[in-house]
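Chemist: Quick one: this structure, given as structure tokens, is what I'll be asking you about.
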Amino acid sequence: MALILVTGASSGLGRDTADALADDGHDVVVHVRNPARLTRPEDAARWRGVITGDLAVADEIPGVARQAAGFGRFDAVIHNAGTMHVPDAVTVNTVAPYVLTASMDKPARLIYLSSSMHRTGSTELGELGEPAGANAAYDDTKLWVTTLALAIASRWDGTTSHAVDPGWVPTRMGGAGAPDDLTAGHRTQTWLATRPDVTPRTGGYWYHRRPQSPHPAAQDREFQARLLQALESRTGVRLD
């Protein structure tokens, strides 16, 4: 069985993902902003471990990485945590996944939550140089994290790296009226984290277990390099 970290796992897609993996017998470490939100009777014994920290606060992200490192090398890390709230979106959706990825031992598999809205994101990276990220839109941050996923896929031998569009599902963030299938919203992540027969294997952009074509910039080596440079400049953390 695999050792898997899921960020943003107190509710919604993150909780559904963690539950499905635990039900399949995997050792699941969950990240939550506030442990008080893990209120189900089974929570105390369900997880291999719980790590805490607010990914909207840049100074707390290294602490989350240190807690995760205490469990050793993960077989898979699912970067599920996300927000649509500006200005937190830049830090939670893009900066936190980058810093965690760069600061932890390279896992066998990486999965980053994207969105179909990434296709309207901007390739202008000026907001990554602004600590508050006040003007970056949600779709910008999702283009950037999708690009991060595919950049790692092309750079890290021995690690597969995927971006997933879970659909517009009825979670707290998606809203009760969201039209997509909530159950299908987490299945691609669990599949990518555990199945040996995923194709393309090194990395891709997925919707409901089917590979899709992302924004062209996400696969552009020049834009990937610019993004990584901008993230390193902002955070002081280098992705080897």
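Labels for the structure tokens follow display order: chains A, B, ..., residues from 1 in each chain, ligands from 1.
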Per residue of region 55-129 of chain A within 9 Å of region 25-32 of chain A, note the shortest atom pair and the distance in Å to one decimal, counting only C-alpha atoms, and order the rows by chain and increasing residue number, as JSON lines.
Modeler:
{"residue": "A:Val64", "atom": "CA", "partner": "A:His31", "partner_atom": "CA", "distance": 8.1}
{"residue": "A:Ala68", "atom": "CA", "partner": "A:Val29", "partner_atom": "CA", "distance": 8.3}
{"residue": "A:Phe71", "atom": "CA", "partner": "A:Val29", "partner_atom": "CA", "distance": 8.5}
{"residue": "A:Ala81", "atom": "CA", "partner": "A:His31", "partner_atom": "CA", "distance": 8.7}
Chemist: Give me a file of those residues, with N, CA, C and O atoms, as a PDB file, in the first residue's frame.
Modeler:
ATOM      1  N   VAL A  64       4.647  23.459   7.116  1.00  0.00           N
ATOM      2  CA  VAL A  64       3.874  22.333   6.590  1.00  0.00           C
ATOM      3  C   VAL A  64       4.817  21.336   5.921  1.00  0.00           C
ATOM      4  O   VAL A  64       4.699  20.120   6.099  1.00  0.00           O
ATOM      5  N   ALA A  68       5.517  17.392   6.930  1.00  0.00           N
ATOM      6  CA  ALA A  68       5.382  16.319   5.945  1.00  0.00           C
ATOM      7  C   ALA A  68       6.660  15.496   5.850  1.00  0.00           C
ATOM      8  O   ALA A  68       6.621  14.262   5.739  1.00  0.00           O
ATOM      9  N   PHE A  71       7.369  12.228   7.821  1.00  0.00           N
ATOM     10  CA  PHE A  71       6.814  10.925   7.447  1.00  0.00           C
ATOM     11  C   PHE A  71       7.678  10.206   6.417  1.00  0.00           C
ATOM     12  O   PHE A  71       7.339   9.098   6.003  1.00  0.00           O
ATOM     13  N   ALA A  81      -5.406  21.472  -1.958  1.00  0.00           N
ATOM     14  CA  ALA A  81      -5.826  22.733  -1.331  1.00  0.00           C
ATOM     15  C   ALA A  81      -5.958  23.839  -2.377  1.00  0.00           C
ATOM     16  O   ALA A  81      -5.097  23.994  -3.244  1.00  0.00           O
TER      17      ALA A  81
END
Chemist: Which region 9-66 of chain A residues have any atom within 9 Å of an atom of region 90-98 of chain A, and for each, what is the nearest pair of atoms with distance in Å to one decimal, counting only C-alpha atoms, rows sorted by chain and number, as a Markdown table?
Modeler:
| residue | atom | partner | partner_atom | distance |
| --- | --- | --- | --- | --- |
| A:Asp54 | CA | A:Val92 | CA | 8.7 |
| A:Leu55 | CA | A:Val92 | CA | 5.3 |
| A:Ala56 | CA | A:Val92 | CA | 5.1 |
| A:Val57 | CA | A:Thr91 | CA | 7.4 |
| A:Ala58 | CA | A:Thr91 | CA | 6.8 |
| A:Ile61 | CA | A:Ala96 | CA | 6.3 |
| A:Pro62 | CA | A:Ala96 | CA | 8.9 |
Chemist: Would you pick out the contacts of region 202-204 of chain A at 7 Å or less, using only C-alpha atoms, so that residues sharing its chain but fewer than 6 positions from it are not included, and give the list as a list in words?
Modeler: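 Neighbouring residues, sequence-local ones excluded: Leu150, Ala153, Thr160, Ser161, His162, Ala163 and Pro211 of chain A.
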Chemist: Quick check for you: according to DSSP on this backbone, which residues of region 190-222 of chain A are classed as alpha helix (DSSP H)? Reply as a ChimeraX atom specification.
Modeler: /A:190-194,221-222
Chemist: Could you name the residues that touch Glu42 (chain A) at 12 Å or less, counting only C-alpha atoms, but leaving out those on the same chain fewer than 5 positions away, as a PyMOL selection string?
Modeler: chain A and resi 19+22+47
Chemist: Hey, can you check how far CA of Asp165 (chain A) sits from CA of Leu113 (chain A)?
Modeler: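 A separation of 6.4 Å between them.
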Chemist: Taking the DSSP assignment computed from this structure's backbone, write out as an MDAnalysis selection string all residues of region 70-208 of chain A that belong to strand (DSSP E).
Modeler: chainID A and resid 76:79 109:113 160:165 203:207
Chemist: Would you list the contacts of Ala137 (chain A) as JSON, numbers by chain, taking every protein, DNA or RNA residue within 9 Å and counting only C-alpha atoms, but skipping same-chain residues closer than 4 positions in sequence?
Modeler: {"A": [84, 85, 86, 87, 89, 90, 121, 122, 133, 141, 142]}
Chemist: What does the distance from CA of Thr7 (chain A) to CA of Arg119 (chain A) come to in Å, to one decimal?
Modeler: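 It comes out at 23.7 Å.
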Chemist: May I ask which of the residues A:Leu143, A:Ile78, A:Ile152, A:Ala2 is the closest one to Ala217 (chain A), counting only C-alpha atoms?
Modeler: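 Nearest candidate to Ala217 (chain A) out of A:Leu143, A:Ile78, A:Ile152, A:Ala2: A:Leu143.
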Chemist: What gap, in Å, lies between CA of Arg155 (chain A) and CA of Val77 (chain A)?
Modeler: 17.1 Å
Chemist: When you count only C-alpha atoms, which of these residues is closest to His79 (chain A): A:Gln229, A:Thr123, A:Ser154, A:Thr146?
Modeler: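 Answer, going by the shortest atom-to-atom distance: A:Thr146.
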Chemist: Report as an mmCIF file with C-alpha atoms, in the first residue's frame all protein, DNA and RNA residues lying within 6 Å of region 218-223 of chain A, evaluated on only C-alpha atoms, omitting residues in the same chain fewer than 3 positions from it.
Modeler:
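And here is the file that came out, result_20.cif:
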data_model
loop_
_atom_site.group_PDB
_atom_site.id
_atom_site.type_symbol
_atom_site.label_atom_id
_atom_site.label_comp_id
_atom_site.auth_asym_id
_atom_site.auth_seq_id
_atom_site.Cartn_x
_atom_site.Cartn_y
_atom_site.Cartn_z
ATOM 1 C CA THR A 147 2.339 24.684 -15.889
ATOM 2 C CA HIS A 215 -3.544 25.770 -22.381
ATOM 3 C CA ARG A 226 9.879 31.774 -16.752
#
Chemist: Set the distance at 8 Å and use only C-alpha atoms: which residues neighbour Phe74 (chain A) once local chain neighbours fewer than 2 positions away are removed? I'd like the list as a list in words.
Modeler: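 In the requested format, the answer is Ala2, Leu3, Ile4, Leu5, Phe71, Gly72, Ala76, Val77, Asp105, Lys106, Pro107 and Ala108 of chain A.
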Chemist: Would you output that residue set with N, CA and C atoms, as a PDB file, in the first residue's frame?
Modeler:
ATOM      1  N   ALA A   2       0.323   2.327  -0.497  1.00  0.00           N
ATOM      2  CA  ALA A   2       1.104   3.541  -0.688  1.00  0.00           C
ATOM      3  C   ALA A   2       0.953   4.502   0.491  1.00  0.00           C
ATOM      4  N   LEU A   3       1.998   5.329   0.679  1.00  0.00           N
ATOM      5  CA  LEU A   3       1.962   6.436   1.634  1.00  0.00           C
ATOM      6  C   LEU A   3       1.659   7.700   0.846  1.00  0.00           C
ATOM      7  N   ILE A   4       0.533   8.340   1.159  1.00  0.00           N
ATOM      8  CA  ILE A   4       0.019   9.428   0.322  1.00  0.00           C
ATOM      9  C   ILE A   4      -0.345  10.623   1.189  1.00  0.00           C
ATOM     10  N   LEU A   5       0.059  11.816   0.746  1.00  0.00           N
ATOM     11  CA  LEU A   5      -0.316  13.074   1.392  1.00  0.00           C
ATOM     12  C   LEU A   5      -1.377  13.768   0.554  1.00  0.00           C
ATOM     13  N   PHE A  71       7.369  12.228   7.821  1.00  0.00           N
ATOM     14  CA  PHE A  71       6.814  10.925   7.447  1.00  0.00           C
ATOM     15  C   PHE A  71       7.678  10.206   6.417  1.00  0.00           C
ATOM     16  N   GLY A  72       8.782  10.829   6.001  1.00  0.00           N
ATOM     17  CA  GLY A  72       9.632  10.216   4.995  1.00  0.00           C
ATOM     18  C   GLY A  72       9.158  10.535   3.592  1.00  0.00           C
ATOM     19  N   ALA A  76       2.987   9.296  -3.130  1.00  0.00           N
ATOM     20  CA  ALA A  76       2.230  10.272  -3.918  1.00  0.00           C
ATOM     21  C   ALA A  76       1.863  11.458  -3.036  1.00  0.00           C
ATOM     22  N   VAL A  77       1.847  12.642  -3.655  1.00  0.00           N
ATOM     23  CA  VAL A  77       1.374  13.855  -2.993  1.00  0.00           C
ATOM     24  C   VAL A  77       0.294  14.462  -3.875  1.00  0.00           C
ATOM     25  N   ASP A 105      11.138  15.579  -0.106  1.00  0.00           N
ATOM     26  CA  ASP A 105      11.732  14.527  -0.935  1.00  0.00           C
ATOM     27  C   ASP A 105      10.844  14.263  -2.135  1.00  0.00           C
ATOM     28  N   LYS A 106      11.466  14.021  -3.281  1.00  0.00           N
ATOM     29  CA  LYS A 106      10.697  13.794  -4.500  1.00  0.00           C
ATOM     30  C   LYS A 106       9.860  12.522  -4.367  1.00  0.00           C
ATOM     31  N   PRO A 107       8.535  12.647  -4.464  1.00  0.00           N
ATOM     32  CA  PRO A 107       7.698  11.446  -4.404  1.00  0.00           C
ATOM     33  C   PRO A 107       7.688  10.730  -5.749  1.00  0.00           C
ATOM     34  N   ALA A 108       7.110   9.560  -5.773  1.00  0.00           N
ATOM     35  CA  ALA A 108       6.968   8.848  -7.044  1.00  0.00           C
ATOM     36  C   ALA A 108       5.937   9.526  -7.937  1.00  0.00           C
TER      37      ALA A 108
END
